[in-house]
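Raw input23.cif, mmCIF, C-alpha atoms and all ligand atoms:
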```cif
data_start
loop_
_atom_site.label_atom_id
_atom_site.label_comp_id
_atom_site.auth_asym_id
_atom_site.auth_seq_id
_atom_site.Cartn_x
_atom_site.Cartn_y
_atom_site.Cartn_z
CA MET A 59 -2.20 14.31 21.82
CA ASN A 60 -3.92 14.85 18.50
CA ASP A 61 -1.71 13.00 16.10
CA ARG A 62 -2.69 13.11 12.46
CA VAL A 63 -2.81 9.52 11.39
CA ALA A 64 -3.43 8.15 7.91
CA LEU A 65 -4.41 4.67 6.86
CA LEU A 66 -2.62 3.50 3.72
CA PRO A 67 -4.60 0.45 2.64
CA GLY A 68 -3.53 -1.95 -0.07
CA SER A 69 -2.45 -5.43 -0.98
CA PHE A 70 1.32 -4.81 -0.95
CA ASP A 71 1.89 -8.13 -2.71
CA PRO A 72 4.78 -7.30 -2.66
CA LEU A 73 5.75 -3.84 -1.40
CA THR A 74 7.37 -1.81 -4.19
CA ASN A 75 9.48 1.34 -4.27
CA GLY A 76 6.30 3.12 -5.39
CA HIS A 77 4.60 2.16 -2.11
CA LEU A 78 7.68 3.16 -0.14
CA ASP A 79 7.73 6.55 -1.84
CA ILE A 80 4.11 7.16 -0.78
CA ILE A 81 4.94 6.04 2.77
CA GLU A 82 7.93 8.38 3.00
CA ARG A 83 6.10 11.35 1.53
CA GLY A 84 2.97 10.56 3.52
CA LEU A 85 5.04 10.97 6.66
CA LEU A 86 5.80 14.54 5.65
CA VAL A 87 2.08 15.28 5.90
CA PHE A 88 0.92 12.93 8.66
CA ASP A 89 2.44 12.23 12.07
CA ARG A 90 1.89 8.52 11.75
CA LEU A 91 0.83 5.99 9.14
CA ILE A 92 -0.96 2.71 9.52
CA VAL A 93 -0.09 0.54 6.55
CA GLY A 94 -3.13 -1.70 6.35
CA ILE A 95 -2.75 -4.95 4.47
CA ALA A 96 -6.20 -5.66 3.11
CA HIS A 97 -6.59 -9.38 3.52
CA ASN A 98 -9.15 -11.21 1.45
CA SER A 99 -9.09 -14.95 1.94
CA ARG A 100 -10.74 -15.47 -1.45
CA LYS A 101 -7.98 -13.61 -3.22
CA GLN A 102 -4.85 -15.48 -4.16
CA THR A 103 -1.64 -13.68 -3.23
CA LEU A 104 1.99 -14.52 -3.84
CA PHE A 105 3.13 -13.58 -0.33
CA SER A 106 1.35 -14.40 2.93
CA VAL A 107 0.12 -11.63 5.19
CA ASP A 108 3.01 -12.31 7.58
CA GLU A 109 5.55 -12.15 4.77
CA ARG A 110 4.09 -8.86 3.56
CA LYS A 111 4.05 -7.42 7.08
CA GLU A 112 7.67 -8.36 7.59
CA MET A 113 8.65 -6.84 4.23
CA ILE A 114 7.07 -3.50 5.02
CA LEU A 115 8.52 -3.31 8.54
CA ARG A 116 11.98 -4.15 7.27
CA SER A 117 11.73 -1.64 4.43
CA VAL A 118 10.90 1.25 6.75
CA ASN A 119 13.74 0.24 9.09
CA GLY A 120 11.40 -0.07 12.02
CA ASP A 121 10.41 3.62 11.84
CA ALA A 122 8.21 4.04 14.92
CA ARG A 123 5.83 6.28 12.97
CA VAL A 124 4.82 3.39 10.76
CA GLU A 125 2.54 0.66 12.05
CA VAL A 126 1.81 -2.36 9.88
CA ASP A 127 -1.39 -4.23 10.42
CA ALA A 128 -3.72 -6.48 8.46
CA PHE A 129 -7.46 -6.22 8.26
CA GLU A 130 -10.34 -8.04 6.64
CA GLY A 131 -13.55 -6.52 5.37
CA LEU A 132 -14.37 -2.94 4.55
CA THR A 133 -11.53 -0.44 4.63
CA VAL A 134 -13.85 2.21 6.09
CA GLU A 135 -14.79 -0.08 8.96
CA TYR A 136 -11.17 -0.59 9.80
CA ALA A 137 -10.48 3.16 9.39
CA ARG A 138 -13.33 3.94 11.78
CA LYS A 139 -12.17 1.41 14.32
CA ARG A 140 -8.65 2.85 14.25
CA GLU A 141 -10.02 6.44 14.35
CA VAL A 142 -7.69 7.62 11.60
CA THR A 143 -7.71 11.17 10.30
CA ALA A 144 -7.85 10.09 6.64
CA ILE A 145 -7.28 7.33 4.15
CA LEU A 146 -4.20 7.89 2.00
CA ARG A 147 -3.92 6.49 -1.53
CA GLY A 148 -1.32 6.83 -4.23
CA LEU A 149 -2.32 7.80 -7.74
CA ARG A 150 -0.33 6.68 -10.71
CA ALA A 151 -1.98 7.02 -14.07
CA VAL A 152 -5.26 8.35 -15.34
CA ALA A 153 -6.29 4.71 -15.31
CA ASP A 154 -6.19 4.71 -11.48
CA PHE A 155 -8.41 7.75 -11.31
CA GLU A 156 -11.81 6.35 -12.15
CA TYR A 157 -11.52 3.42 -9.77
CA GLU A 158 -10.17 5.61 -6.98
CA LEU A 159 -12.89 8.23 -7.48
CA GLN A 160 -15.53 5.52 -7.18
CA MET A 161 -13.94 4.04 -4.06
CA ALA A 162 -13.43 7.39 -2.36
CA THR A 163 -16.98 8.50 -3.10
CA MET A 164 -18.42 5.20 -1.91
CA ASN A 165 -16.31 5.29 1.23
CA ARG A 166 -17.42 8.82 2.05
CA GLN A 167 -21.04 7.76 1.65
CA LEU A 168 -20.45 4.83 3.97
CA THR A 169 -18.59 6.92 6.51
CA PRO A 170 -19.32 10.64 6.28
CA GLY A 171 -16.43 12.72 7.54
CA LEU A 172 -13.78 10.22 6.55
CA GLU A 173 -11.74 11.76 3.75
CA THR A 174 -9.48 10.05 1.25
CA LEU A 175 -6.37 11.97 0.26
CA PHE A 176 -4.43 11.21 -2.88
CA MET A 177 -0.75 11.63 -3.39
CA MET A 178 0.59 11.70 -6.92
CA THR A 179 3.23 9.13 -7.60
CA SER A 180 6.79 10.25 -8.16
CA GLU A 181 7.61 10.32 -11.85
CA LYS A 182 10.24 7.68 -11.09
CA TYR A 183 7.60 5.16 -10.06
CA PHE A 184 4.50 5.91 -12.07
CA PHE A 185 4.90 2.66 -14.00
CA VAL A 186 5.58 0.45 -10.97
CA SER A 187 2.90 -1.88 -9.66
CA SER A 188 3.05 -5.07 -7.62
CA GLN A 189 1.46 -6.78 -10.59
CA ASN A 190 4.07 -5.82 -13.15
CA VAL A 191 6.90 -6.47 -10.69
CA LYS A 192 5.61 -10.03 -10.30
CA GLU A 193 5.27 -10.43 -14.03
CA ILE A 194 8.79 -9.23 -14.74
CA ALA A 195 10.21 -11.42 -11.97
CA SER A 196 8.34 -14.48 -13.23
CA PHE A 197 10.09 -14.08 -16.59
CA GLY A 198 13.44 -13.77 -14.88
CA GLY A 199 13.65 -10.01 -15.41
CA ASP A 200 15.60 -7.67 -13.15
CA VAL A 201 13.35 -5.88 -10.65
CA SER A 202 16.12 -4.50 -8.46
CA ALA A 203 15.27 -0.89 -9.40
CA LEU A 204 11.61 -1.41 -8.54
CA VAL A 205 11.64 -3.02 -5.08
CA PRO A 206 14.02 -3.07 -2.11
CA PRO A 207 16.90 -5.54 -2.73
CA PHE A 208 15.77 -8.19 -0.26
CA ILE A 209 12.31 -8.23 -1.85
CA ALA A 210 13.92 -8.75 -5.26
CA GLU A 211 15.62 -11.80 -3.70
CA GLN A 212 12.36 -13.13 -2.26
CA LEU A 213 10.68 -12.71 -5.65
CA LYS A 214 13.46 -14.67 -7.25
CA GLU A 215 13.03 -17.45 -4.69
CA LYS A 216 9.28 -17.64 -5.23
CA LEU A 217 9.14 -17.10 -8.97
CA GLY A 218 12.59 -17.70 -10.30
CA GLU A 219 13.35 -20.64 -12.47
P1 LIG A 301 -4.61 -2.07 -4.17
O1 LIG A 301 -4.72 -3.52 -4.51
O2 LIG A 301 -5.59 -1.60 -3.16
O3 LIG A 301 -4.48 -1.13 -5.36
P2 LIG A 301 -1.78 -1.84 -3.86
O4 LIG A 301 -0.96 -2.64 -2.92
O5 LIG A 301 -1.62 -2.11 -5.31
O6 LIG A 301 -3.25 -2.01 -3.39
O7 LIG A 301 -1.53 -0.30 -3.62
C1 LIG A 301 -1.71 0.33 -2.37
C2 LIG A 301 -1.66 1.83 -2.56
O8 LIG A 301 -0.39 2.23 -3.06
C3 LIG A 301 -2.69 2.33 -3.56
O9 LIG A 301 -3.15 3.58 -3.14
C4 LIG A 301 -1.89 2.46 -4.82
O10 LIG A 301 -2.45 3.42 -5.68
C5 LIG A 301 -0.57 2.93 -4.28
N1 LIG A 301 0.54 2.64 -5.18
C6 LIG A 301 0.93 1.45 -5.66
N2 LIG A 301 1.99 1.58 -6.49
C7 LIG A 301 2.26 2.91 -6.54
C8 LIG A 301 3.22 3.70 -7.24
N3 LIG A 301 4.13 3.17 -8.06
N4 LIG A 301 3.20 5.03 -7.05
C9 LIG A 301 2.28 5.58 -6.23
N5 LIG A 301 1.35 4.90 -5.56
C10 LIG A 301 1.33 3.57 -5.71
#
```

Show this structure as structure tokens.
Amino acid sequence: MNDRVALLPGSFDPLTNGHLDIIERGLLVFDRLIVGIAHNSRKQTLFSVDERKEMILRSVNGDARVEVDAFEGLTVEYARKREVTAILRGLRAVADFEYELQMATMNRQLTPGLETLFMMTSEKYFFVSSQNVKEIASFGGDVSALVPPFIAEQLKEKLGE
């Protein structure tokens, strides 16, 4: 079988509705997705890798087309090891573009033949990032429109007053 598989790499700290939107729409284009939690032990995160894994699995209701894994090191190395068809990234604002262009070009140099595909964010979520969700939650703001309900609860537990 020649399944078309995409790697969606990211921090997912935590998963947002913007990520979920890319996962759902990515599955219209690819047969399967590997959501790859890029783990960097030097980088401080709010949620552990296991917590993030659990969040993603629960949010996709155990959809068998979605695998959640964590990896350390270069994304292209992991992509090569998993023999994916492409890397999938979401694009929000113009501000994302320059960084993503650099990464995609670098990755192609490192691994010729491995393409990065970009999916434009839904207009509903162009302003949503894990970073601003954490910020809003830390000030006691309501993030229930930005993340799945149980993640809003977990944010409250971790950051709430
Ligand atoms: P990273 O730290 O690598 O940017 P993130 O967890 O922030 O990882 O994001 C993972 C992927 O999801 C990236 O491709 C990012 O552009 C995309 N993404 C994040 N938020 C949104 C959103 N609201 N709409 C579309 N794509 C998004």

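The closest residue to ligand LIG 301 (chain A), picked from A:Thr133, A:Thr179, A:Asn98, A:Asn190 and counting all atoms listed in the file, is A:Thr179.
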
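Residue nearest A:Glu193, chosen from A:Thr169, A:Pro72, A:Ala137, A:Asp89 and counting only C-alpha atoms: A:Pro72.
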
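Excluding A:Ala122 itself and any same-chain residue fewer than 2 positions from it, the protein and nucleic acid residues within 12 Å of it, counting all atoms listed in the file, are Leu85, Asp89, Arg90, Leu91, Ile92, Leu115, Arg116, Val118, Asn119, Gly120, Val124, Glu125 and Val126 of chain A.
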
Tell me, in Å to one decimal, how far atom P1 of ligand LIG 301 (chain A) is from atom CA of A:Leu204.
16.8 Å

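Distances to ligand LIG 301 (chain A) were evaluated for A:Val186, A:Val142, A:Ala64, A:Val93 using all atoms listed in the file, and the minimum falls at A:Val186.
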
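Computed from the coordinates, the atom CA of A:Glu156 to atom CA of A:Ser106 distance equals 28.8 Å.
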
Contacts to ligand LIG 301 (chain A) at 10 Å cut-off (all atoms listed in the file) as a PyMOL selection string:
chain A and resi 66-81+93-96+133+145-151+154-155+157-158+175-189+204

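Going from atom CA of A:Glu112 to atom CA of A:Phe129 covers 15.3 Å.
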
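Of the listed residues A:Arg140, A:Lys192, A:Arg100, A:Arg83, the one whose atoms come nearest to A:Leu172 is A:Arg140, with distances taken using all atoms listed in the file.
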
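When only C-alpha atoms are used to measure the gap to A:Ser117, the shortest distance among A:Ala144, A:Gly199, A:Ala162, A:Glu82 belongs to A:Glu82.
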
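Using all atoms listed in the file, the shortest contact distance between A:His97 and any of A:Arg166, A:Ile114, A:Gly84, A:Ala128 is found at A:Ala128.
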
Might I get the box with edges along x, y and z of the file that holds all atoms of stretch 147-156 of chain A listed there, padded by 5 Å on every side, given as centre and edge lengths in Å to one decimal, as lines of an AutoDock Vina configuration file?
```
center_x = -6.1
center_y = 6.5
center_z = -8.4
size_x = 21.5
size_y = 13.6
size_z = 23.8
```
